[in-house]
file coords-v2.cif (mmCIF, C-alpha atoms)
data_data
loop_
_atom_site.label_atom_id
_atom_site.label_comp_id
_atom_site.auth_asym_id
_atom_site.auth_seq_id
_atom_site.Cartn_x
_atom_site.Cartn_y
_atom_site.Cartn_z
CA MET A 1 102.75 51.29 67.99
CA PRO A 2 101.23 54.67 68.65
CA CYS A 3 97.95 54.84 70.46
CA THR A 4 95.24 56.13 68.13
CA CYS A 5 92.31 55.92 70.44
CA CYS A 6 90.67 59.18 71.29
CA ILE A 7 89.59 58.43 74.82
CA ILE A 8 92.47 60.47 76.21
CA PRO A 9 91.90 64.14 75.45
CA ASN A 10 94.44 65.78 73.19
CA ASP A 11 95.43 68.38 75.72
CA VAL A 12 96.29 65.61 78.22
CA LEU A 13 98.29 63.76 75.58
CA THR A 14 100.11 66.96 74.66
CA ARG A 15 100.99 67.67 78.31
CA LEU A 16 102.19 64.09 78.87
CA SER A 17 104.31 64.24 75.70
CA GLN A 18 106.19 67.09 77.32
CA ASP A 19 106.70 65.21 80.63
CA LYS A 20 110.43 64.42 80.80
CA LYS A 21 109.78 61.77 83.42
CA LEU A 22 108.43 59.61 80.58
CA SER A 23 110.68 57.83 78.08
CA ALA A 24 111.49 59.54 74.79
CA PRO A 25 109.82 56.83 72.62
CA LEU A 26 106.63 57.03 74.68
CA ARG A 27 106.53 60.83 74.41
CA LYS A 28 107.02 60.51 70.61
CA GLN A 29 104.08 58.09 70.42
CA MET A 30 101.90 60.59 72.26
CA VAL A 31 102.82 63.37 69.80
CA ASP A 32 101.98 61.03 66.91
CA THR A 33 98.66 60.12 68.53
CA VAL A 34 97.69 63.78 68.81
CA GLN A 35 98.57 64.25 65.15
CA ILE A 36 96.61 61.20 63.99
CA SER A 37 93.70 62.11 66.21
CA HIS A 38 93.58 65.53 64.54
CA GLU A 39 93.61 63.98 61.04
CA LEU A 40 90.89 61.51 62.01
CA ARG A 41 88.70 64.36 63.27
CA GLU A 42 89.25 66.21 59.99
CA LEU A 43 88.29 63.07 58.09
CA ARG A 44 85.10 62.63 60.13
CA THR A 45 84.20 66.28 59.57
CA GLN A 46 84.59 65.83 55.81
CA ALA A 47 82.58 62.60 55.90
CA ALA A 48 79.81 64.37 57.80
CA LYS A 49 79.77 67.17 55.21
CA LEU A 50 79.61 64.63 52.38
CA THR A 51 76.74 62.80 54.09
CA ASN A 52 74.83 66.05 54.49
CA VAL A 53 75.32 66.96 50.84
CA VAL A 54 74.21 63.51 49.68
CA ALA A 55 71.21 63.57 51.98
CA ALA A 56 70.20 67.01 50.73
CA ARG A 57 70.53 66.01 47.08
CA ALA A 58 68.81 62.64 47.55
CA SER A 59 65.96 64.37 49.32
CA GLY A 60 65.62 66.69 46.35
CA LEU A 61 65.49 63.77 43.92
CA VAL A 62 62.76 62.06 45.90
CA THR A 63 60.75 65.29 45.87
CA LEU A 64 61.19 65.62 42.11
CA ALA A 65 60.03 62.07 41.57
CA ALA A 66 56.92 62.64 43.63
CA ALA A 67 55.94 65.90 42.02
CA PRO A 68 57.14 66.95 38.56
CA ALA A 69 56.56 70.60 37.68
CA VAL A 70 53.05 71.40 36.47
CA THR A 71 52.56 74.48 34.31
CA VAL A 72 49.37 75.99 32.92
CA TYR A 73 48.99 78.51 30.08
CA ASP A 74 45.95 80.53 29.07
CA CYS A 75 45.21 80.64 25.32
CA LYS A 76 42.54 83.29 25.95
CA HIS A 77 40.26 81.72 23.30
CA THR A 78 42.89 81.80 20.56
CA GLN A 79 44.53 78.82 18.89
CA THR A 80 48.01 80.14 19.52
CA LEU A 81 50.11 77.81 21.65
CA PRO A 82 51.08 77.66 24.37
CA GLY A 83 49.39 80.96 25.30
CA THR A 84 50.16 83.19 28.27
CA PRO A 85 51.83 81.50 31.24
CA VAL A 86 49.79 81.62 34.44
CA ALA A 87 52.07 82.57 37.33
CA LYS A 88 50.17 80.86 40.16
CA PRO A 89 47.69 78.42 38.63
CA LYS A 90 47.13 76.68 41.96
CA THR A 91 45.41 79.75 43.37
CA SER A 92 44.07 81.19 40.12
CA SER A 93 40.60 82.76 40.17
CA ASP A 94 40.06 81.16 36.76
CA ALA A 95 38.32 77.87 37.54
CA SER A 96 39.53 76.13 34.36
CA VAL A 97 43.15 77.05 35.02
CA LYS A 98 42.95 76.06 38.69
CA ARG A 99 41.22 72.77 37.83
CA THR A 100 43.78 71.98 35.14
CA PHE A 101 46.61 72.54 37.61
CA ASN A 102 45.03 70.58 40.44
CA GLN A 103 43.92 67.61 38.37
CA THR A 104 47.18 67.41 36.45
CA THR A 105 49.04 67.43 39.77
CA LYS A 106 46.83 64.58 40.94
CA VAL A 107 47.47 62.59 37.76
CA ALA A 108 51.20 62.97 38.48
CA LYS A 109 50.58 61.68 41.99
CA PHE A 110 48.47 58.80 40.62
CA TYR A 111 51.24 57.66 38.29
CA GLN A 112 53.87 58.13 41.02
CA GLN A 113 52.04 56.35 43.81
CA VAL A 114 50.29 53.60 41.87
CA PHE A 115 52.81 52.84 39.12
CA ASN A 116 56.02 54.38 40.48
CA ARG A 117 56.26 56.50 37.32
CA ASN A 118 57.97 59.87 37.40
CA SER A 119 55.75 62.01 35.17
CA ILE A 120 54.85 61.48 31.51
CA ASP A 121 58.32 60.35 30.40
CA ASP A 122 59.32 58.69 33.71
CA HIS A 123 62.11 61.24 33.97
CA GLY A 124 60.32 64.10 35.69
CA MET A 125 59.14 65.87 32.52
CA THR A 126 57.23 69.09 33.16
CA MET A 127 53.49 68.58 32.66
CA MET A 128 52.40 71.48 30.50
CA SER A 129 48.79 72.39 29.72
CA SER A 130 46.99 75.14 27.84
CA ALA A 131 43.42 76.02 28.82
CA HIS A 132 40.78 78.13 27.03
CA TYR A 133 42.07 76.93 23.66
CA GLY A 134 40.06 78.32 20.77
CA GLU A 135 36.56 79.70 20.60
CA LYS A 136 33.91 77.36 22.06
CA TYR A 137 36.30 74.59 21.14
CA ASN A 138 34.80 71.09 21.52
CA ASN A 139 37.96 69.17 22.18
CA ALA A 140 40.86 68.21 24.42
CA MET A 141 44.06 66.78 23.01
CA TRP A 142 47.70 65.86 23.44
CA ASN A 143 49.83 67.49 20.73
CA GLY A 144 52.96 65.46 21.28
CA SER A 145 54.40 67.68 23.98
CA GLN A 146 51.53 69.20 26.00
CA MET A 147 47.83 68.99 26.90
CA ILE A 148 45.29 71.33 25.31
CA TYR A 149 41.75 71.99 26.58
CA GLY A 150 38.84 73.78 24.96
CA ASP A 151 35.93 75.39 26.78
CA GLY A 152 33.28 73.47 24.86
CA ASP A 153 30.39 75.17 23.08
CA GLY A 154 28.19 75.10 26.19
CA SER A 155 25.55 73.01 24.41
CA ILE A 156 26.97 69.67 23.30
CA PHE A 157 29.97 69.94 25.62
CA VAL A 158 30.99 72.06 28.57
CA ASP A 159 34.56 72.89 29.63
CA PHE A 160 36.74 69.86 28.91
CA THR A 161 38.80 70.46 32.07
CA LYS A 162 35.73 69.43 34.09
CA GLY A 163 36.39 65.77 33.32
CA ASN A 164 39.09 64.24 35.53
CA ASP A 165 38.97 61.23 33.21
CA VAL A 166 39.58 63.60 30.29
CA ILE A 167 42.72 64.98 31.94
CA GLY A 168 43.91 61.47 32.85
CA HIS A 169 43.18 60.37 29.27
CA GLU A 170 45.21 63.16 27.65
CA LEU A 171 48.21 62.73 29.97
CA THR A 172 48.19 59.01 29.29
CA HIS A 173 48.63 59.72 25.57
CA GLY A 174 51.91 61.29 26.65
CA VAL A 175 52.81 58.18 28.64
CA THR A 176 52.05 56.00 25.61
CA GLN A 177 54.19 58.27 23.44
CA HIS A 178 57.08 57.74 25.86
CA SER A 179 56.66 53.97 26.16
CA LEU A 180 54.88 51.73 23.64
CA GLN A 181 54.74 54.58 21.08
CA LEU A 182 51.59 53.25 19.49
CA ALA A 183 50.56 54.57 16.09
CA TYR A 184 47.21 56.26 15.66
CA SER A 185 45.50 54.04 13.13
CA GLY A 186 44.53 50.41 12.78
CA ASP A 187 44.77 48.11 15.80
CA ALA A 188 47.50 50.26 17.33
CA GLY A 189 45.31 53.36 17.12
CA GLY A 190 42.45 51.61 18.88
CA LEU A 191 44.83 50.36 21.56
CA ASN A 192 46.28 53.86 21.92
CA GLU A 193 42.83 55.31 22.59
CA SER A 194 41.79 52.43 24.81
CA ILE A 195 44.86 52.74 27.01
CA SER A 196 44.05 56.42 27.55
CA ASP A 197 40.46 55.53 28.44
CA CYS A 198 41.60 52.75 30.80
CA PHE A 199 44.06 54.94 32.70
CA GLY A 200 41.72 57.95 32.56
CA SER A 201 38.97 55.86 34.14
CA MET A 202 41.38 54.31 36.64
CA PHE A 203 42.51 57.79 37.66
CA ARG A 204 38.85 58.82 38.11
CA GLN A 205 38.25 55.73 40.27
CA TRP A 206 41.48 56.22 42.26
CA GLU A 207 40.59 59.81 43.02
CA ALA A 208 37.16 58.77 44.30
CA LYS A 209 38.59 55.64 46.02
CA GLN A 210 36.02 53.55 44.16
CA ASP A 211 36.23 49.82 43.66
CA VAL A 212 35.20 48.29 40.33
CA LYS A 213 31.57 47.93 41.43
CA LYS A 214 31.13 51.56 42.47
CA ALA A 215 32.95 52.99 39.44
CA ASP A 216 30.78 54.42 36.65
CA TRP A 217 33.19 53.34 33.86
CA LEU A 218 31.97 56.28 31.80
CA ILE A 219 34.23 58.44 29.66
CA GLY A 220 33.26 62.09 29.29
CA LYS A 221 30.33 62.07 31.76
CA ASP A 222 31.34 65.40 33.29
CA ILE A 223 31.76 67.27 30.01
CA MET A 224 28.37 66.51 28.50
CA GLY A 225 26.47 69.70 27.79
CA PRO A 226 22.73 70.35 28.20
CA GLY A 227 22.00 69.80 24.50
CA ALA A 228 23.58 66.33 24.56
CA LYS A 229 21.92 65.37 27.84
CA LYS A 230 18.55 66.47 26.48
CA LYS A 231 18.93 63.87 23.74
CA GLY A 232 19.70 61.18 26.32
CA PHE A 233 23.48 61.09 25.95
CA THR A 234 25.04 60.75 29.39
CA CYS A 235 28.62 60.14 28.25
CA LEU A 236 30.85 59.79 25.25
CA ARG A 237 31.82 56.20 25.87
CA ASP A 238 30.84 53.51 28.36
CA MET A 239 33.60 50.99 29.00
CA ALA A 240 31.09 48.60 30.59
CA ASP A 241 28.69 48.78 27.65
CA PRO A 242 30.44 50.36 24.66
CA ALA A 243 27.46 50.10 22.29
CA ALA A 244 24.90 51.55 24.73
CA LYS A 245 22.31 54.07 23.52
CA HIS A 246 23.35 56.60 26.16
CA CYS A 247 26.79 56.90 24.51
CA LEU A 248 27.27 59.86 22.19
CA ALA A 249 30.05 57.87 20.53
CA PRO A 250 28.89 54.22 20.70
CA GLN A 251 31.56 51.65 19.94
CA PRO A 252 31.82 48.08 18.69
CA THR A 253 32.04 45.40 21.36
CA LYS A 254 33.77 42.66 19.35
CA TYR A 255 37.17 42.75 17.71
CA SER A 256 35.58 41.31 14.55
CA GLN A 257 33.39 44.45 14.26
CA ILE A 258 36.38 46.76 13.79
CA THR A 259 36.62 47.92 10.19
CA PRO A 260 39.63 49.27 8.25
CA GLY A 261 40.10 53.00 8.66
CA MET A 262 37.85 53.18 11.71
CA ASP A 263 38.45 56.20 13.98
CA PRO A 264 40.49 54.94 16.97
CA HIS A 265 37.85 56.40 19.32
CA TYR A 266 35.54 53.69 18.00
CA SER A 267 37.98 50.79 17.54
CA SER A 268 38.95 51.27 21.21
CA GLY A 269 35.60 49.71 22.20
CA PRO A 270 36.68 46.03 22.34
CA PRO A 271 39.89 46.60 24.37
CA ASN A 272 37.94 48.95 26.67
CA LEU A 273 35.37 46.22 27.29
CA ALA A 274 38.15 43.66 27.80
CA PHE A 275 39.74 45.84 30.48
CA TYR A 276 36.39 46.50 32.21
CA THR A 277 35.54 42.79 32.14
CA ALA A 278 38.94 41.79 33.53
CA CYS A 279 38.62 44.35 36.34
CA THR A 280 35.09 43.40 37.34
CA THR A 281 35.82 39.68 37.07
CA LEU A 282 38.68 40.04 39.56
CA GLY A 283 36.99 42.67 41.76
CA GLY A 284 38.56 45.17 44.16
CA TYR A 285 40.34 48.27 42.88
CA SER A 286 41.01 48.42 39.15
CA TRP A 287 44.49 49.83 39.60
CA ALA A 288 45.58 47.23 42.17
CA LYS A 289 46.26 44.29 39.84
CA ILE A 290 44.62 44.50 36.40
CA GLY A 291 45.84 48.10 36.11
CA GLN A 292 49.35 46.91 36.99
CA VAL A 293 49.16 44.27 34.27
CA TRP A 294 48.09 46.88 31.69
CA TYR A 295 50.82 49.29 32.86
CA HIS A 296 53.44 46.54 32.65
CA SER A 297 52.27 45.71 29.12
CA LEU A 298 52.41 49.40 28.15
CA THR A 299 55.78 50.32 29.64
CA GLY A 300 57.77 47.15 30.16
CA PHE A 301 58.91 46.23 26.66
CA GLY A 302 60.00 49.30 24.68
CA PRO A 303 58.29 50.72 21.59
CA THR A 304 56.00 48.62 19.39
CA PRO A 305 54.23 51.24 17.21
CA ASN A 306 52.19 48.82 15.12
CA MET A 307 51.18 46.43 17.87
CA THR A 308 48.05 44.44 17.16
CA MET A 309 45.29 43.98 19.69
CA LYS A 310 45.95 40.25 19.62
CA ALA A 311 49.60 40.83 20.54
CA PHE A 312 48.63 43.23 23.33
CA ALA A 313 46.13 40.72 24.66
CA ALA A 314 48.83 38.04 24.67
CA ARG A 315 51.19 40.39 26.48
CA THR A 316 48.66 41.09 29.24
CA ARG A 317 48.00 37.38 29.66
CA GLN A 318 51.74 36.79 30.02
CA GLY A 319 52.03 39.83 32.29
CA ALA A 320 49.30 38.59 34.58
CA HIS A 321 51.26 35.36 35.03
CA THR A 322 54.62 37.13 35.44
CA LEU A 323 53.41 39.75 37.93
CA TYR A 324 51.12 37.46 39.92
CA PRO A 325 52.49 33.91 39.62
CA GLY A 326 50.75 32.85 42.80
CA ASP A 327 47.40 34.40 41.95
CA ALA A 328 45.78 32.49 39.10
CA ALA A 329 42.63 34.60 39.41
CA VAL A 330 44.41 37.56 37.78
CA LEU A 331 45.29 35.62 34.64
CA ALA A 332 41.82 34.08 34.58
CA ALA A 333 40.23 37.55 34.77
CA VAL A 334 42.44 38.92 31.99
CA ASP A 335 41.63 35.89 29.86
CA THR A 336 37.89 36.32 30.49
CA GLY A 337 38.16 39.97 29.43
CA TRP A 338 39.80 39.29 26.09
CA LYS A 339 37.63 36.29 25.30
CA LYS A 340 34.55 38.45 25.77
CA VAL A 341 35.61 40.62 22.84
CA GLY A 342 36.85 37.73 20.69
CA LEU A 343 40.56 37.92 21.36
CA MET B 1 34.32 74.12 -8.17
CA ASP B 2 34.36 77.29 -6.11
CA ARG B 3 32.81 75.58 -3.08
CA LEU B 4 34.74 73.52 -0.60
CA LYS B 5 32.75 71.10 1.54
CA ILE B 6 34.33 70.67 4.95
CA GLU B 7 33.89 67.89 7.48
CA ARG B 8 35.78 67.94 10.77
CA VAL B 9 36.48 64.49 12.23
CA GLY B 10 38.24 62.91 15.19
CA GLY B 11 39.02 64.61 18.46
CA PHE B 12 38.44 63.25 21.96
CA ALA B 13 34.74 62.83 21.13
CA GLY B 14 35.27 60.97 17.88
CA VAL B 15 33.47 63.61 15.84
CA GLY B 16 32.09 62.17 12.61
CA GLY B 17 30.48 59.17 14.30
CA PRO B 18 26.79 58.27 14.25
CA HIS B 19 25.52 61.11 16.46
CA LEU B 20 27.98 63.98 16.26
CA LYS B 21 28.87 65.69 13.00
CA SER B 22 30.85 68.81 12.26
CA ARG B 23 30.33 70.25 8.79
CA GLY B 24 30.60 73.46 6.84
CA GLU B 25 31.26 75.05 3.48
CA VAL B 26 33.68 77.66 2.24
CA ALA B 27 33.86 79.51 -1.05
CA VAL B 28 37.38 79.26 -2.43
CA SER B 29 37.10 82.93 -3.34
CA ASP B 30 36.65 83.74 0.36
CA LEU B 31 40.09 82.36 1.15
CA SER B 32 43.14 84.56 1.09
CA ALA B 33 45.38 84.28 -1.96
CA ALA B 34 47.94 82.35 0.06
CA ASP B 35 45.32 79.91 1.41
CA GLN B 36 43.86 79.42 -2.09
CA LYS B 37 47.31 78.60 -3.37
CA MET B 38 47.87 76.14 -0.52
CA VAL B 39 44.54 74.39 -1.13
CA ASP B 40 45.28 74.19 -4.85
CA SER B 41 48.68 72.65 -4.22
CA LEU B 42 47.24 70.06 -1.80
CA PHE B 43 44.58 68.98 -4.29
CA ALA B 44 47.19 68.90 -7.06
CA ASP B 45 49.46 66.67 -4.99
CA PRO B 46 47.84 65.12 -1.87
CA SER B 47 51.23 63.70 -0.88
CA LYS B 48 52.08 67.28 0.17
CA VAL B 49 49.45 67.19 2.94
CA PRO B 50 51.44 67.75 6.13
CA ALA B 51 51.68 64.84 8.55
CA ALA B 52 50.20 64.89 12.04
CA HIS B 53 52.63 65.90 14.79
CA PRO B 54 54.54 62.84 16.11
CA GLY B 55 52.82 61.36 19.11
CA GLN B 56 49.78 63.62 18.94
CA ALA B 57 46.38 62.21 19.81
CA ASP B 58 42.77 63.40 19.86
CA ALA B 59 43.48 66.19 17.38
CA PHE B 60 40.91 67.02 14.72
CA SER B 61 41.48 66.58 11.05
CA TYR B 62 39.47 68.13 8.21
CA ARG B 63 38.10 66.34 5.16
CA ILE B 64 38.04 68.94 2.43
CA THR B 65 36.02 68.06 -0.67
CA ARG B 66 36.26 69.92 -3.96
CA GLY B 67 34.16 68.43 -6.71
CA ALA B 68 34.61 64.68 -6.55
CA ARG B 69 37.91 64.76 -4.70
CA THR B 70 38.48 64.72 -0.95
CA ILE B 71 41.69 65.29 0.97
CA GLU B 72 42.16 64.94 4.75
CA VAL B 73 44.35 67.54 6.47
CA PRO B 74 45.46 67.66 10.13
CA GLU B 75 44.05 70.68 11.94
CA HIS B 76 47.40 72.38 12.49
CA ALA B 77 47.76 72.70 8.70
CA VAL B 78 44.22 73.95 8.02
CA PRO B 79 43.70 77.69 7.38
CA PRO B 80 41.62 79.48 10.08
CA THR B 81 38.87 80.35 7.56
CA ILE B 82 38.29 76.66 6.89
CA ARG B 83 38.57 75.72 10.57
CA SER B 84 35.92 78.21 11.57
CA SER B 85 33.51 77.20 8.79
CA VAL B 86 32.29 74.06 10.55
CA LYS B 87 29.46 73.76 13.04
CA ASP B 88 29.05 70.83 15.44
CA VAL B 89 25.59 69.29 15.41
CA LEU B 90 23.92 66.31 17.06
CA ASP B 91 22.15 63.93 14.69
#

call {"tool": "encode", "arguments": {"input": "coords-v2.cif", "output": "structure tokens"}}
result
Amino acid sequence: MPCTCCIIPNDVLTRLSQDKKLSAPLRKQMVDTVQISHELRELRTQAAKLTNVVAARASGLVTLAAAPAVTVYDCKHTQTLPGTPVAKPKTSSDASVKRTFNQTTKVAKFYQQVFNRNSIDDHGMTMMSSAHYGEKYNNAMWNGSQMIYGDGDGSIFVDFTKGNDVIGHELTHGVTQHSLQLAYSGDAGGLNESISDCFGSMFRQWEAKQDVKKADWLIGKDIMGPGAKKKGFTCLRDMADPAAKHCLAPQPTKYSQITPGMDPHYSSGPPNLAFYTACTTLGGYSWAKIGQVWYHSLTGFGPTPNMTMKAFAARTRQGAHTLYPGDAAVLAAVDTGWKKVGL
Amino acid sequence: MDRLKIERVGGFAGVGGPHLKSRGEVAVSDLSAADQKMVDSLFADPSKVPAAHPGQADAFSYRITRGARTIEVPEHAVPPTIRSSVKDVLD
């Protein structure tokens, strides 16, 4: 049996194998040991190389998951998409472009850190945005593949990139498109809009490290222009009080008040209030548990384009129990939220 | 029948609600020949109105009224002359 240990240096083994005072079989074993030792070293060298390659690639994958590419284009006040690519949006002297880049990057981080989601599609999809869309354009939207932001007319609205909740809202439409795939009318349309408001508001709260009591629960507060404020409108929507007079777009508060053909930005009122009520009933950070229940309900079951609000409510109730079996307060809070709006 | 009444609705702000309206008017004769033809064909057969892009959200659409008939067209399919005819106002 040849010795394969490597304690004896090869040069010593080689010298001994040539020592004629030793028996021929022993000298043969020493030659074999040198040979095997050499092959073992080669094997370890290859294994080390393989480990390095794997480590390098794995490190790259982790980096990709944490930070998908974020690109920003400048439409230069036209409605031609995507516009001119901005080479270094992070350091751009254009405040809208820089804000779009920075806030979009933070939304990516929010989804990664809070929900373990890798970008809009959960596969590292590039987050693409176009700023300065149109002339005094009073809108922000998701067109099915990218975000689009107008500058506002300066009276009713200011630059739509100024709202971190707006940016979170638009990106979440992308997440919905790549998960539940909700339609844009009826109950599903209202849910679609509500989910974007919920995650847009959660992102706003997460960025400011606000618990549910400190959060303002307003949608569009930072894009209201002087003309709108002068008339007493402090926001577009208020998740805590959807029908409030300070809302430029006041919403119904009960599911029974939703009418056929209603714009989803109005039918989103009841599920918005349900989410707010669930969050404030439980307390703490919105994204810690109730947000997890909503995310699970949005992403955990495949597409359901025509989902009703009743079915979504049932799914969150079930999700609260599944995710937090030892914490009955979560299910109770979710139940309180939906009951408040009649679901 | 030369006038088109335009109302822009939807968007992130839910334009067309109780406080925010976006309205305008266009003379058909002010449209290019190609746009006139397109408008005519949409009123003749509203099923030809292009669909919204899959997955899109918060986009505007335009309610175009000619006489007693109204069609609703997603913004991407609306001619620039009609798009720029509307003005946003607070009620």

call {"tool": "resolve_selection", "arguments": {"input": "coords-v2.cif", "expression": "the PyMOL selection byres ((chain A and resi 299) around 9)", "output": "mmCIF file with C-alpha atoms, keeping the file's coordinate frame"}}
result
data_model
loop_
_atom_site.group_PDB
_atom_site.id
_atom_site.type_symbol
_atom_site.label_atom_id
_atom_site.label_comp_id
_atom_site.auth_asym_id
_atom_site.auth_seq_id
_atom_site.Cartn_x
_atom_site.Cartn_y
_atom_site.Cartn_z
ATOM 1 C CA VAL A 175 52.810 58.180 28.640
ATOM 2 C CA THR A 176 52.050 56.000 25.610
ATOM 3 C CA HIS A 178 57.080 57.740 25.860
ATOM 4 C CA SER A 179 56.660 53.970 26.160
ATOM 5 C CA LEU A 180 54.880 51.730 23.640
ATOM 6 C CA TRP A 294 48.090 46.880 31.690
ATOM 7 C CA TYR A 295 50.820 49.290 32.860
ATOM 8 C CA HIS A 296 53.440 46.540 32.650
ATOM 9 C CA SER A 297 52.270 45.710 29.120
ATOM 10 C CA LEU A 298 52.410 49.400 28.150
ATOM 11 C CA GLY A 300 57.770 47.150 30.160
ATOM 12 C CA PHE A 301 58.910 46.230 26.660
ATOM 13 C CA GLY A 302 60.000 49.300 24.680
ATOM 14 C CA PRO A 303 58.290 50.720 21.590
#

call {"tool": "residues_around", "arguments": {"input": "coords-v2.cif", "residues": "A:Trp142", "least_positions_apart": "4", "cutoff": "6 Å", "atoms": "only C-alpha atoms", "output": "PyMOL selection string"}}
result
(chain A and resi 146-147+170) or (chain B and resi 56-57)

call {"tool": "atom_distance", "arguments": {"input": "coords-v2.cif", "atom1": "atom CA of A:Lys136", "atom2": "atom CA of A:Thr105"}}
result
25.3 Å

call {"tool": "interface_residues", "arguments": {"input": "coords-v2.cif", "of": "chain B", "to": "chain A", "cutoff": "9 Å", "atoms": "only C-alpha atoms", "output": "list in words"}}
result
Val9, Gly10, Gly11, Phe12, Ala13, Gly14, Val15, Gly16, Gly17, Pro18, His19, Leu20, His53, Pro54, Gly55, Gln56, Ala57, Asp58, Ala59, Phe60, Asp88, Val89 and Leu90 of chain B

call {"tool": "atom_distance", "arguments": {"input": "coords-v2.cif", "atom1": "atom CA of A:Gly269", "atom2": "atom CA of A:Lys213"}}
result
19.7 Å

call {"tool": "residues_around", "arguments": {"input": "coords-v2.cif", "residues": "A:Tyr133", "least_positions_apart": "6", "cutoff": "12 Å", "atoms": "only C-alpha atoms", "output": "ChimeraX atom specification"}}
result
/A:72-84,96-97,139-141,147-153,159-161

call {"tool": "resolve_selection", "arguments": {"input": "coords-v2.cif", "expression": "the PyMOL selection byres ((chain B and resi 21-32) around 10)", "output": "number ranges by chain"}}
result
B: 1-10, 14-20, 33-40, 62-66, 79-91
